[in-house]
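The structure file final-v7.txt is reproduced below (compact mmCIF, C-alpha atoms and all ligand atoms).
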# COMPACT_ATOMS: atom_id res chain seq x y z
CA MET V 1038 13.02 -8.18 5.76
CA LEU V 1039 11.65 -5.78 3.16
CA GLY V 1040 8.14 -4.31 3.42
CA ILE V 1041 6.38 -3.08 0.29
CA PHE V 1042 3.44 -0.72 0.72
CA GLY V 1043 1.83 -0.41 -2.68
CA GLY V 1044 -0.94 1.99 -3.54
CA THR V 1045 -2.17 4.81 -5.67
CA PHE V 1046 -1.48 7.43 -2.99
CA ASP V 1047 -3.92 9.85 -4.58
CA PRO V 1048 -3.08 11.53 -2.18
CA VAL V 1049 -0.95 9.88 0.53
CA HIS V 1050 -2.50 10.42 3.98
CA TYR V 1051 -1.98 9.61 7.66
CA GLY V 1052 -3.92 6.32 7.26
CA HIS V 1053 -1.06 5.10 5.06
CA LEU V 1054 1.77 6.63 7.08
CA ARG V 1055 0.73 5.61 10.57
CA THR V 1056 -0.15 2.06 9.60
CA ALA V 1057 3.11 1.68 7.69
CA LEU V 1058 4.98 2.63 10.84
CA ASP V 1059 2.91 0.18 12.92
CA VAL V 1060 3.81 -2.63 10.52
CA LYS V 1061 7.47 -1.65 10.27
CA GLU V 1062 7.87 -1.67 14.04
CA THR V 1063 5.75 -4.75 14.77
CA LEU V 1064 7.54 -6.88 12.19
CA ARG V 1065 10.91 -5.16 12.74
CA LEU V 1066 11.27 -4.54 9.01
CA SER V 1067 14.72 -3.34 8.03
CA ASP V 1068 13.30 -1.45 5.09
CA LEU V 1069 9.81 -0.21 4.20
CA ARG V 1070 9.22 1.11 0.72
CA PHE V 1071 6.16 2.98 -0.53
CA LEU V 1072 5.53 1.84 -4.05
CA PRO V 1073 3.23 4.16 -6.01
CA CYS V 1074 1.64 2.58 -9.08
CA ARG V 1075 1.78 4.27 -12.46
CA ILE V 1076 -1.52 3.08 -13.88
CA PRO V 1077 -3.61 1.09 -11.42
CA SER V 1078 -4.90 -2.10 -13.02
CA HIS V 1079 -8.10 -2.51 -11.02
CA ARG V 1080 -9.50 0.93 -10.26
CA SER V 1081 -10.40 4.19 -12.00
CA SER V 1082 -7.71 6.66 -13.10
CA PRO V 1083 -6.14 8.70 -10.32
CA GLY V 1084 -7.01 12.41 -9.96
CA ALA V 1085 -3.33 13.40 -9.82
CA SER V 1086 -0.58 12.47 -12.30
CA PRO V 1087 2.09 9.88 -11.42
CA GLN V 1088 4.62 12.73 -10.95
CA GLN V 1089 2.26 14.61 -8.65
CA ARG V 1090 1.53 11.50 -6.58
CA LEU V 1091 5.26 10.81 -6.31
CA ARG V 1092 5.96 14.40 -5.26
CA MET V 1093 3.24 14.21 -2.58
CA LEU V 1094 4.85 11.03 -1.22
CA GLU V 1095 8.27 12.72 -1.16
CA LEU V 1096 6.80 15.66 0.73
CA ALA V 1097 5.07 13.32 3.20
CA LEU V 1098 8.28 11.43 3.96
CA GLN V 1099 10.72 14.34 4.08
CA ASN V 1100 12.28 15.11 7.45
CA ALA V 1101 10.78 11.99 9.04
CA ASP V 1102 13.02 9.60 10.99
CA THR V 1103 10.95 6.56 10.06
CA GLY V 1104 13.38 4.98 7.59
CA PHE V 1105 10.68 4.87 4.91
CA SER V 1106 11.69 5.14 1.28
CA ILE V 1107 9.99 5.29 -2.11
CA ASP V 1108 10.40 2.63 -4.77
CA ARG V 1109 9.84 4.13 -8.22
CA ARG V 1110 9.95 1.00 -10.31
CA GLU V 1111 6.24 1.01 -11.24
CA LEU V 1112 6.42 4.69 -12.20
CA ASP V 1113 9.46 4.05 -14.36
CA ARG V 1114 7.84 1.09 -16.13
CA GLU V 1115 5.58 1.78 -19.11
CA GLY V 1116 1.97 0.65 -19.07
CA THR V 1117 -0.30 -0.86 -16.45
CA SER V 1118 1.31 -1.57 -13.08
CA TYR V 1119 1.00 -5.26 -12.30
CA MET V 1120 2.17 -6.27 -8.84
CA VAL V 1121 3.30 -9.66 -10.12
CA ASP V 1122 5.90 -7.95 -12.38
CA THR V 1123 6.99 -5.67 -9.55
CA LEU V 1124 7.48 -8.50 -7.08
CA ALA V 1125 9.30 -10.58 -9.69
CA SER V 1126 11.78 -7.74 -10.23
CA LEU V 1127 12.25 -7.30 -6.47
CA ARG V 1128 12.76 -11.05 -6.11
CA GLU V 1129 15.44 -11.04 -8.84
CA GLU V 1130 17.47 -8.64 -6.70
CA ASN V 1131 17.63 -11.09 -3.82
CA LEU V 1132 16.37 -14.66 -3.94
CA SER V 1133 16.35 -15.43 -0.22
CA ARG V 1134 15.20 -12.17 1.37
CA SER V 1135 11.77 -12.08 2.99
CA ILE V 1136 9.55 -9.70 1.01
CA CYS V 1137 6.30 -8.63 2.67
CA LEU V 1138 3.53 -7.07 0.65
CA ILE V 1139 1.51 -4.82 2.96
CA LEU V 1140 -2.17 -4.49 2.11
CA GLY V 1141 -5.40 -3.32 3.68
CA ILE V 1142 -7.93 -6.12 4.10
CA ASP V 1143 -10.13 -4.58 1.41
CA ALA V 1144 -7.29 -4.75 -1.10
CA PHE V 1145 -6.41 -8.30 0.04
CA ALA V 1146 -10.00 -9.49 -0.49
CA ASP V 1147 -9.78 -8.18 -4.07
CA LEU V 1148 -6.64 -10.19 -4.80
CA PRO V 1149 -8.40 -12.75 -7.05
CA TYR V 1150 -9.04 -9.90 -9.52
CA TRP V 1151 -5.32 -9.07 -9.78
CA HIS V 1152 -3.29 -10.13 -12.81
CA ARG V 1153 -1.77 -13.65 -12.31
CA TRP V 1154 -2.63 -13.39 -8.64
CA GLY V 1155 -1.75 -16.96 -7.69
CA GLU V 1156 1.91 -16.28 -8.54
CA LEU V 1157 2.09 -13.51 -5.95
CA PHE V 1158 2.27 -16.13 -3.19
CA ASN V 1159 5.45 -17.56 -4.72
CA LEU V 1160 7.08 -14.16 -4.61
CA ALA V 1161 6.11 -12.51 -1.32
CA ASN V 1162 4.51 -12.84 2.09
CA PHE V 1163 1.33 -10.90 2.84
CA VAL V 1164 0.76 -8.53 5.73
CA VAL V 1165 -2.96 -7.79 5.91
CA MET V 1166 -3.96 -4.70 7.86
CA ARG V 1167 -7.40 -4.42 9.30
CA ARG V 1168 -9.25 -1.37 7.98
CA PRO V 1169 -11.10 0.81 10.52
CA ASN V 1170 -14.84 1.38 10.70
CA SER V 1171 -15.72 -0.92 7.91
CA THR V 1172 -17.31 -4.29 7.66
CA GLU V 1173 -14.54 -6.70 6.79
CA PRO V 1174 -15.03 -8.34 3.42
CA GLU V 1175 -15.59 -12.08 3.58
CA LEU V 1176 -12.78 -14.10 2.06
CA THR V 1177 -14.07 -16.88 -0.18
CA GLY V 1178 -12.92 -19.60 -2.56
CA GLU V 1179 -9.25 -20.15 -3.30
CA LEU V 1180 -8.15 -17.07 -1.34
CA ALA V 1181 -9.91 -18.31 1.81
CA ASP V 1182 -8.17 -21.70 1.36
CA LEU V 1183 -4.78 -20.01 1.00
CA VAL V 1184 -5.38 -18.10 4.22
CA LEU V 1185 -6.36 -21.28 6.06
CA GLU V 1186 -3.19 -23.03 4.91
CA ASN V 1187 -0.67 -20.22 5.22
CA ARG V 1188 -1.81 -17.88 7.98
CA MET V 1189 0.72 -17.37 10.76
CA GLU V 1190 0.05 -16.01 14.22
CA ASP V 1191 3.68 -15.73 15.26
CA THR V 1192 5.32 -12.72 13.61
CA GLY V 1193 8.82 -14.05 14.48
CA GLU V 1194 8.22 -17.23 12.47
CA PHE V 1195 6.69 -15.15 9.71
CA ALA V 1196 9.93 -13.18 9.37
CA ALA V 1197 11.85 -16.37 8.62
CA SER V 1198 9.81 -17.18 5.55
CA PRO V 1199 10.79 -15.48 2.25
CA PHE V 1200 7.32 -15.83 0.65
CA GLY V 1201 3.94 -17.54 0.77
CA LYS V 1202 2.86 -16.77 4.35
CA ILE V 1203 0.08 -14.47 5.54
CA VAL V 1204 -0.21 -12.49 8.73
CA PHE V 1205 -3.11 -10.31 9.89
CA LEU V 1206 -2.11 -7.26 11.91
CA GLU V 1207 -4.12 -4.86 13.99
CA VAL V 1208 -2.96 -1.35 13.19
CA THR V 1209 -3.90 2.08 14.51
CA GLN V 1210 -7.46 2.74 13.55
CA LEU V 1211 -7.63 5.81 11.34
CA ALA V 1212 -10.77 6.18 9.28
CA ILE V 1213 -9.06 8.15 6.54
CA SER V 1214 -9.24 7.40 2.83
CA ALA V 1215 -7.94 9.17 -0.25
CA THR V 1216 -11.48 9.03 -1.67
CA GLY V 1217 -12.78 10.88 1.40
CA ILE V 1218 -10.04 13.51 1.06
CA ARG V 1219 -10.77 14.06 -2.64
CA LYS V 1220 -14.49 14.39 -1.88
CA LEU V 1221 -13.87 16.98 0.84
CA ILE V 1222 -11.77 19.08 -1.55
CA ALA V 1223 -14.30 18.72 -4.38
CA CYS V 1224 -17.03 20.14 -2.16
CA GLY V 1225 -14.85 23.01 -0.95
CA LYS V 1226 -13.99 21.62 2.52
CA SER V 1227 -10.54 21.29 4.07
CA PRO V 1228 -8.80 17.92 4.54
CA ARG V 1229 -6.35 19.45 7.02
CA TYR V 1230 -5.15 17.08 9.79
CA LEU V 1231 -5.91 14.03 7.63
CA LEU V 1232 -2.61 14.30 5.76
CA PRO V 1233 0.76 16.05 6.23
CA ASP V 1234 0.73 19.84 5.83
CA PRO V 1235 3.30 19.93 2.98
CA VAL V 1236 1.05 17.55 0.99
CA LEU V 1237 -1.96 19.78 1.63
CA GLU V 1238 0.03 22.83 0.55
CA MET V 1239 0.93 21.15 -2.74
CA ILE V 1240 -2.70 20.12 -3.34
CA GLN V 1241 -3.81 23.70 -2.74
CA SER V 1242 -1.09 25.37 -4.80
CA GLN V 1243 -1.68 23.05 -7.77
CA GLY V 1244 -5.47 23.06 -7.45
CA LEU V 1245 -5.69 19.27 -7.28
CA TYR V 1246 -8.97 17.36 -6.77
CA ARG V 1247 -11.24 20.39 -7.17
CA THR V 1248 -13.56 18.38 -9.37
CA ALA V 1249 -15.07 15.13 -8.11
CA SER V 1250 -13.44 11.97 -9.52
P1 LIG R 1301 -8.83 5.34 -2.33
O1 LIG R 1301 -9.78 5.88 -1.31
O2 LIG R 1301 -8.53 6.27 -3.48
O3 LIG R 1301 -9.16 3.93 -2.79
P2 LIG R 1301 -6.90 4.67 -0.25
O4 LIG R 1301 -7.00 5.71 0.81
O5 LIG R 1301 -7.53 3.34 0.02
O6 LIG R 1301 -7.39 5.24 -1.64
P3 LIG R 1301 -4.65 3.54 -1.65
O7 LIG R 1301 -3.50 4.29 -2.19
O8 LIG R 1301 -5.60 2.98 -2.63
O9 LIG R 1301 -5.38 4.52 -0.58
O10 LIG R 1301 -4.19 2.44 -0.62
C1 LIG R 1301 -2.93 1.88 -0.48
C2 LIG R 1301 -3.01 0.84 0.62
O11 LIG R 1301 -3.27 1.47 1.87
C3 LIG R 1301 -4.15 -0.18 0.41
O12 LIG R 1301 -3.65 -1.45 0.77
C4 LIG R 1301 -5.22 0.29 1.39
O13 LIG R 1301 -6.03 -0.78 1.83
C5 LIG R 1301 -4.36 0.87 2.53
N1 LIG R 1301 -5.03 1.92 3.31
C6 LIG R 1301 -5.54 3.06 2.86
N2 LIG R 1301 -6.07 3.81 3.87
C7 LIG R 1301 -5.85 3.11 5.02
C8 LIG R 1301 -6.17 3.35 6.42
N3 LIG R 1301 -6.81 4.46 6.82
N4 LIG R 1301 -5.81 2.41 7.31
C9 LIG R 1301 -5.16 1.27 6.90
N5 LIG R 1301 -4.84 1.00 5.60
C10 LIG R 1301 -5.17 1.89 4.66

Would you give me this structure, written as structure tokens?
Amino acid sequence: MLGIFGGTFDPVHYGHLRTALDVKETLRLSDLRFLPCRIPSHRSSPGASPQQRLRMLELALQNADTGFSIDRRELDREGTSYMVDTLASLREENLSRSICLILGIDAFADLPYWHRWGELFNLANFVVMRRPNSTEPELTGELADLVLENRMEDTGEFAASPFGKIVFLEVTQLAISATGIRKLIACGKSPRYLLPDPVLEMIQSQGLYRTAS
């Protein structure tokens, strides 16, 4: 079972890393790939370049025994990063494998704004992580119906399905966001202990996020 943790990672932080490990262990994923997007389709431009965000991810994962890897396919593809194209190319590699798209609940609630979002359920399962210290967005309309029909409580059963199922997981509560980190840096404060030291060192040496974005 393959887990895909997509995001902007601008920068990657312990909120991403710890929760990815929670999901990998709870679902016994054989492989968990961080998938940085090149140009996000539904948010403002990142503060760091795609190469810088990739390098920060590499620094965050180096020397860890977690079995995490990085999938570069969105960075290598020209233009806007649409998850539907990414999942279709992953699906082409293996038609029967279970693919699990890992998302925070905030990102999941936004799904109806994603490009060709209905097709995503024919390509992957969804692992929805609960986000700390925030009011959970209410799921409405078609997305709420899909959750009612396809939500699974049993993670073992979930693993057997290649696509179309949804599971909600409680993960370690870490109230860390990339926005919060960028804001700290822009007002001259340190984000130390919110992200791995090698990532912080790169941010400092390259002067990233010094102006508010
Ligand atoms: P930003 O603040 O710039 O929006 P972010 O911290 O939410 O960034 P992203 O790269 O946009 O990071 O997120 C990638 C994925 O990680 C999303 O699905 C998001 O919901 C999830 N995520 C981010 N921070 C946490 C956290 N502290 N706990 C659990 N999930 C998180």

May I ask which of the residues V:Leu1039, V:Ile1240, V:Met1093, V:Leu1185 is the closest one to ligand LIG 1301 (chain R), counting all atoms listed in the file?
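Result for the nearest residue to ligand LIG 1301 (chain R): V:Met1093.
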
All residues 7 Å or closer to stretch 1066-1077 of chain V, all atoms listed in the file, same chain fewer than 2 positions away omitted, as a VMD selection string
chain V and resid 1038 to 1046 1061 to 1062 1064 1079 to 1080 1087 1091 1104 to 1109 1111 to 1112 1116 to 1118

Which residue of V:Tyr1119, V:Thr1172, V:Leu1245, V:Asp1234 approaches V:Gln1099 most closely, using only C-alpha atoms
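Answer, going by the shortest atom-to-atom distance: V:Asp1234.
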
Counting only C-alpha atoms and all ligand atoms, name the residues that have an atom within 6 Å of an atom of ligand LIG 1301 (chain R); the answer should be given as a PyMOL selection string.
chain V and resi 1043-1047+1052-1053+1056+1140-1141+1143-1144+1168+1211-1216

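Among the candidates V:Gln1241, V:Ile1139, V:Gly1155, V:Asp1147, the one nearest to V:Ala1057 when counting all atoms listed in the file is V:Ile1139.
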
State, in Å with one decimal place, the distance from atom CA of V:Leu1176 to atom CA of V:Ala1146.
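Calculated distance between atom CA of V:Leu1176 and atom CA of V:Ala1146 is 6.0 Å.
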
Neighbours of V:His1050 within 10 Å (all atoms listed in the file; same-chain residues fewer than 6 positions away dropped), as number ranges by chain?
V: 1093-1094, 1097, 1213-1215, 1218, 1228, 1230-1233, 1236-1237

The residue from V:Leu1124, V:Ala1223, V:Leu1160, V:Phe1145 with the smallest atom-to-atom distance to V:Val1204, counting all atoms listed in the file, is V:Phe1145

Around the point (10.0, -16.2, -0.5) in the file's coordinates, collect all residues with an atom within 8 Å, using all atoms listed in the file, and return them as an mmCIF file with C-alpha atoms, in the coordinates of the input.
data_model
loop_
_atom_site.group_PDB
_atom_site.id
_atom_site.type_symbol
_atom_site.label_atom_id
_atom_site.label_comp_id
_atom_site.auth_asym_id
_atom_site.auth_seq_id
_atom_site.Cartn_x
_atom_site.Cartn_y
_atom_site.Cartn_z
ATOM 1 C CA LEU V 1132 16.370 -14.660 -3.940
ATOM 2 C CA SER V 1133 16.350 -15.430 -0.220
ATOM 3 C CA ARG V 1134 15.200 -12.170 1.370
ATOM 4 C CA SER V 1135 11.770 -12.080 2.990
ATOM 5 C CA ILE V 1136 9.550 -9.700 1.010
ATOM 6 C CA ASN V 1159 5.450 -17.560 -4.720
ATOM 7 C CA LEU V 1160 7.080 -14.160 -4.610
ATOM 8 C CA ALA V 1161 6.110 -12.510 -1.320
ATOM 9 C CA ASN V 1162 4.510 -12.840 2.090
ATOM 10 C CA SER V 1198 9.810 -17.180 5.550
ATOM 11 C CA PRO V 1199 10.790 -15.480 2.250
ATOM 12 C CA PHE V 1200 7.320 -15.830 0.650
ATOM 13 C CA GLY V 1201 3.940 -17.540 0.770
#

Quick one: pull the distance between atom CA of V:Thr1248 and atom CA of V:Arg1055, Å, one decimal.
27.7 Å

Could you tell me how far atom CA of V:Glu1194 sits from atom CA of V:Phe1158, in Å to one decimal place?
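Atom CA of V:Glu1194 lies 16.8 Å from atom CA of V:Phe1158.
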
Can you tell me which residues surround V:Cys1224 at a distance of at most 10 Å, considering only C-alpha atoms, apart from same-chain residues fewer than 5 positions away, and format the answer as a count of residues only?
5

Among V:Asp1182, V:Glu1190, V:Glu1238, V:Glu1129, V:Arg1092 is approached most closely, using only C-alpha atoms, by V:Glu1238

Which of V:Leu1127, V:Glu1207, V:Leu1098, V:Phe1163 sits closest to V:Tyr1051 [using all atoms listed in the file]
V:Leu1098
